[in-house]
Each structure stands twice: as structure tokens, then as C-alpha cells.
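Inspection log for the structure reproduced underneath, given as C-alpha cells.
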Amino acid sequence: QVHDNDWPEESGFLKNRGEMAAKDIVLKTVVFLGSARDLAPAWSSDTRLCTRVAAWVKNTITTRSATCGPDKVKHEVTVYDPLEVFAPGGCLHDSGGELKHPHFFYKGGEAPPGMDAMRDNIKACDAIIVVTPEYNHTVPPALSSLMGHFGGSNYGYKPSGIITYSIGPFGGARVAMALRPMLSELGCLPVSKLVCMPTASSVLNEEGVPTDPENRLLKQLPEMLTQLEWVAIAMRNQRDHAGVP
């Protein structure tokens, strides 16, 4: 075990350790939405509750000014919405939600340009966030198709964060448990802090603005982001230093 007083002052070790310059860090963060629903259920007026939750998440992340040690941390956010990605003109439209054409089945240079661009964004990102409800107590097919179009090497050695929600009292907790092994197998290991939003339609208005800024449920997201940022920076540093296995 080495103590500070074991190092001679002239070695410069203590001096250099104390003079590490603060940096401005921008994390490339990809957000995947899990709901493709466009029909309001009998028990709710929302066509898609995801719309308000996603707006709150994106606004929180893009306006966030955090620190990690001496460094300032911000996010450059890309959102992939299945209603857009699988729609006509979307980068996965030809393959469809049924996943007819996985990107990794194409030979190099033969995939559609939009699909290549989506793969490049995923591969270049530093962190991944999933925002989803639960369907039949598990992962919605739109989400598993959206992410499953691309091989695990694009997700690997990066952290992920899980955000779930529901109109009822459970906040999508069951899909959070189902997502942990899925994200782990893709290689983007989820941080321990979850964001589970029960009764989301009463917590957020239609624009995704909190109805009560002091609601304790809102504190979950900044806490999860703090974990995500710490791990994302550590993993990026190691990728830059040693590459990936």
C-alpha cells in the first residue's frame, strides 16, 4: 500500500496528481424509444404515453450540466423512435418491425445508407438509454426489433440506462428486469439505478413538463444519469487507451 508521504515531493507525482486540468466532456448518447403504439386504449386518452415521457427525458438530458470529478459533462443526444424509424422514409422501413433484413446480414457497403448511418451512430456513441413501457410484462417488440437490427459489437463496452413507465402503479418494473439480460447480452451493461415512472400521465403533462417539479419520482433520472456518466467516461477512456478485446 502506498501512502502520500511515501512519495518524495521532487518526484512530481503529488504535484501532477493535484494539477489535473478540468475538461469539458460531451458524451454521445443514443436514446431508444420502446413504444410504437398509435391507438388510445379504452382506459386512457393518450395515443402514446411514450411521447410525454420521451420529451421529459430528452429535455432533462439536453439541458443537463453535470460534473464528474473536476470535469463538466454534457450530452449530444440522438433519439430513435420506432414510429419514425419504421415509417416510410425511415432508415429501417424496408426491413420493417418484423426484422426482415438485419444489418449484419448485408455484405459491406450493400446495406441501405440510412441503416448504415444508424449503425454508425450506435457504434460511435458513449452511452445508451432505453425509454419503454412493458407489453405483456416484457420487452415491446418494437424495441427488440429496433435494437436487434444491429450486431452486439456496435453496443459493446458502453453503459446503458433503463427508463420505464406505465399508466398504472407499477412503473414498468417488470420490463426493466427483462431488459437487463437483453442489454447485457448486447454488451451495453445497464447501470444499477433504474428510473421507473408509475402513473406517468399524472406526473407529466402532454408536453412532457412535470405537473409538480418537486415530485420525488423526478429525482430518479438525474441519479441514474450520474451513474451513467461516470461509467461512460471510464469506458470511453479505456476504449481510447486499450481498444476493445
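To be explicit about the labels: the chains of the C-alpha cells are called A, B, and onward in the order shown, and within each one the residues are counted from 1, while ligands get numbers from 1 in the order they are shown.
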| task | Could you give me the residues within range 31-226 of chain A that DSSP places in strand (DSSP E or B), as a ChimeraX atom specification? | result | /A:31-33,66-68,71-80,127-132,135,138,158-165,188-190,195-197,204,210
Residues as selected, C-alpha atoms, written as a PDB file, in the first residue's frame, can you do that?
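Now in part.pdb:
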```
ATOM      1  CA  VAL A  31     -31.927   7.055 -26.778  1.00  0.00           C
ATOM      2  CA  PHE A  32     -34.148   4.210 -27.973  1.00  0.00           C
ATOM      3  CA  LEU A  33     -37.920   4.507 -27.524  1.00  0.00           C
ATOM      4  CA  ALA A  66     -23.290  17.880 -14.662  1.00  0.00           C
ATOM      5  CA  THR A  67     -19.834  17.268 -13.247  1.00  0.00           C
ATOM      6  CA  CYS A  68     -17.787  14.108 -12.901  1.00  0.00           C
ATOM      7  CA  ASP A  71     -14.857  17.652 -15.412  1.00  0.00           C
ATOM      8  CA  LYS A  72     -18.013  19.215 -16.820  1.00  0.00           C
ATOM      9  CA  VAL A  73     -20.295  16.774 -18.622  1.00  0.00           C
ATOM     10  CA  LYS A  74     -22.907  17.383 -21.305  1.00  0.00           C
ATOM     11  CA  HIS A  75     -24.741  15.137 -23.760  1.00  0.00           C
ATOM     12  CA  GLU A  76     -25.161  15.106 -27.520  1.00  0.00           C
ATOM     13  CA  VAL A  77     -28.443  13.214 -27.900  1.00  0.00           C
ATOM     14  CA  THR A  78     -29.793  11.127 -30.778  1.00  0.00           C
ATOM     15  CA  VAL A  79     -33.291   9.656 -30.381  1.00  0.00           C
ATOM     16  CA  TYR A  80     -34.534   6.636 -32.317  1.00  0.00           C
ATOM     17  CA  ALA A 127     -23.931   5.684 -23.704  1.00  0.00           C
ATOM     18  CA  ILE A 128     -27.332   4.174 -24.433  1.00  0.00           C
ATOM     19  CA  ILE A 129     -30.670   4.935 -22.788  1.00  0.00           C
ATOM     20  CA  VAL A 130     -33.854   2.929 -23.270  1.00  0.00           C
ATOM     21  CA  VAL A 131     -37.262   4.529 -22.618  1.00  0.00           C
ATOM     22  CA  THR A 132     -40.050   1.975 -22.730  1.00  0.00           C
ATOM     23  CA  TYR A 135     -46.032  -5.079 -23.195  1.00  0.00           C
ATOM     24  CA  THR A 138     -41.891  -7.842 -21.046  1.00  0.00           C
ATOM     25  CA  LYS A 158     -20.623   1.006 -23.253  1.00  0.00           C
ATOM     26  CA  PRO A 159     -23.087   1.525 -20.408  1.00  0.00           C
ATOM     27  CA  SER A 160     -26.844   1.729 -20.675  1.00  0.00           C
ATOM     28  CA  GLY A 161     -29.626   3.214 -18.568  1.00  0.00           C
ATOM     29  CA  ILE A 162     -33.179   1.909 -18.261  1.00  0.00           C
ATOM     30  CA  ILE A 163     -36.235   4.176 -18.023  1.00  0.00           C
ATOM     31  CA  THR A 164     -39.671   2.561 -17.779  1.00  0.00           C
ATOM     32  CA  TYR A 165     -43.144   3.954 -17.258  1.00  0.00           C
ATOM     33  CA  CYS A 188     -24.081  -2.324 -23.144  1.00  0.00           C
ATOM     34  CA  LEU A 189     -24.172  -3.125 -19.446  1.00  0.00           C
ATOM     35  CA  PRO A 190     -27.008  -1.379 -17.562  1.00  0.00           C
ATOM     36  CA  VAL A 195     -35.981   5.085 -13.496  1.00  0.00           C
ATOM     37  CA  CYS A 196     -39.495   3.709 -13.031  1.00  0.00           C
ATOM     38  CA  MET A 197     -42.343   6.154 -13.598  1.00  0.00           C
ATOM     39  CA  LEU A 204     -46.047  14.724 -16.739  1.00  0.00           C
ATOM     40  CA  PRO A 210     -43.701  17.856 -14.782  1.00  0.00           C
TER      41      PRO A 210
END
```
| task | Write down as JSON, numbers by chain the residues of range 26-55 of chain A whose backbone DSSP state falls under alpha helix (DSSP H). | result | {"A": [50, 51, 52, 53, 54, 55]}
Please produce a file of the residues just selected, as a JSON list (two decimals), in the first residue's frame, where the atoms kept are all heavy atoms.
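As written to disk, part-v1.json reads:
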```json
[["chain", "number", "residue", "atom", "x", "y", "z"],
["A", 50, "CYS", "N", -45.64, 7.32, -24.29],
["A", 50, "CYS", "CA", -44.21, 7.48, -24.53],
["A", 50, "CYS", "C", -43.86, 8.90, -24.97],
["A", 50, "CYS", "O", -42.77, 9.40, -24.67],
["A", 50, "CYS", "CB", -43.76, 6.49, -25.60],
["A", 50, "CYS", "SG", -42.01, 6.54, -26.01],
["A", 51, "THR", "N", -44.76, 9.55, -25.68],
["A", 51, "THR", "CA", -44.47, 10.88, -26.22],
["A", 51, "THR", "C", -44.13, 11.86, -25.12],
["A", 51, "THR", "O", -43.13, 12.60, -25.20],
["A", 51, "THR", "CB", -45.65, 11.40, -27.06],
["A", 51, "THR", "OG1", -45.92, 10.46, -28.11],
["A", 51, "THR", "CG2", -45.35, 12.76, -27.65],
["A", 52, "ARG", "N", -44.92, 11.88, -24.06],
["A", 52, "ARG", "CA", -44.65, 12.82, -22.97],
["A", 52, "ARG", "C", -43.43, 12.40, -22.15],
["A", 52, "ARG", "O", -42.65, 13.25, -21.71],
["A", 52, "ARG", "CB", -45.89, 13.04, -22.11],
["A", 52, "ARG", "CG", -46.44, 11.83, -21.40],
["A", 52, "ARG", "CD", -47.63, 12.22, -20.50],
["A", 52, "ARG", "NE", -48.89, 12.37, -21.23],
["A", 52, "ARG", "CZ", -49.98, 12.93, -20.73],
["A", 52, "ARG", "NH1", -49.98, 13.37, -19.47],
["A", 52, "ARG", "NH2", -51.09, 13.03, -21.45],
["A", 53, "VAL", "N", -43.26, 11.09, -21.94],
["A", 53, "VAL", "CA", -42.10, 10.63, -21.17],
["A", 53, "VAL", "C", -40.81, 10.91, -21.93],
["A", 53, "VAL", "O", -39.82, 11.39, -21.36],
["A", 53, "VAL", "CB", -42.22, 9.13, -20.84],
["A", 53, "VAL", "CG1", -41.00, 8.65, -20.07],
["A", 53, "VAL", "CG2", -43.48, 8.85, -20.04],
["A", 54, "ALA", "N", -40.80, 10.64, -23.22],
["A", 54, "ALA", "CA", -39.61, 10.88, -24.04],
["A", 54, "ALA", "C", -39.25, 12.36, -24.07],
["A", 54, "ALA", "O", -38.07, 12.72, -24.05],
["A", 54, "ALA", "CB", -39.84, 10.36, -25.46],
["A", 55, "ALA", "N", -40.26, 13.22, -24.14],
["A", 55, "ALA", "CA", -39.99, 14.67, -24.15],
["A", 55, "ALA", "C", -39.32, 15.10, -22.85],
["A", 55, "ALA", "O", -38.38, 15.90, -22.86],
["A", 55, "ALA", "CB", -41.29, 15.43, -24.37]]
```
Excluding Asp38 in chain A and residues on its chain fewer than 5 positions from it, collect all residues at most 10 Å away from it, counting only C-alpha atoms, and give them as a CSV table (one decimal) with C-alpha atoms, in the first residue's frame.
```csv
chain,number,residue,atom,x,y,z
A,46,ASP,CA,-53.2,9.1,-24.6
A,47,THR,CA,-52.5,7.7,-28.0
A,48,ARG,CA,-48.9,7.1,-26.8
A,49,LEU,CA,-47.8,7.8,-23.3
A,83,LEU,CA,-42.8,5.3,-35.2
```
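Using only C-alpha atoms, the smallest distance between any of A:Val139, A:Leu218, A:Val203, A:Val26 and Arg180 in chain A comes from A:Val139.
As for CA of Pro102 in chain A and CA of Ala173 in chain A, they are spaced 29.0 Å apart.
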| task | Pick out the residues sitting within 12 Å of Pro222 in chain A, and hand them over as a ChimeraX atom specification; count only C-alpha atoms, and ignore anything fewer than 3 positions along from it in its own chain. | result | /A:56-57,59-67,161,163,193-195,216-219,225-229
| field | Distance query Met115 in chain A at most 8 Å, only C-alpha atoms, self and fewer than 5 positions along chain excluded, as a list of chain:residue names | value | A:Cys91, A:Leu92, A:His103
Residues as selected, N, CA and C atoms, written as a CSV table (one decimal), in the first residue's frame, can you do that?
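The file below, again_8.csv, is the result:
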```csv
chain,number,residue,atom,x,y,z
A,91,CYS,N,-35.1,4.8,-41.6
A,91,CYS,CA,-33.9,4.1,-42.0
A,91,CYS,C,-34.1,2.6,-41.9
A,92,LEU,N,-35.1,2.1,-41.2
A,92,LEU,CA,-35.4,0.7,-41.2
A,92,LEU,C,-36.7,0.3,-41.8
A,103,HIS,N,-29.0,-5.7,-40.2
A,103,HIS,CA,-27.9,-5.0,-40.8
A,103,HIS,C,-26.7,-5.9,-41.0
```
| Shortest interatomic distance to Leu146 in chain A - which of A:Phe86, A:Asp116, A:Gly168, A:Asn121, counting only C-alpha atoms | A:Phe86
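Proximity ranking of A:Lys123, A:Glu214, A:Gln220, A:Gly172 relative to Pro198 in chain A places A:Gly172 first, based on only C-alpha atoms.
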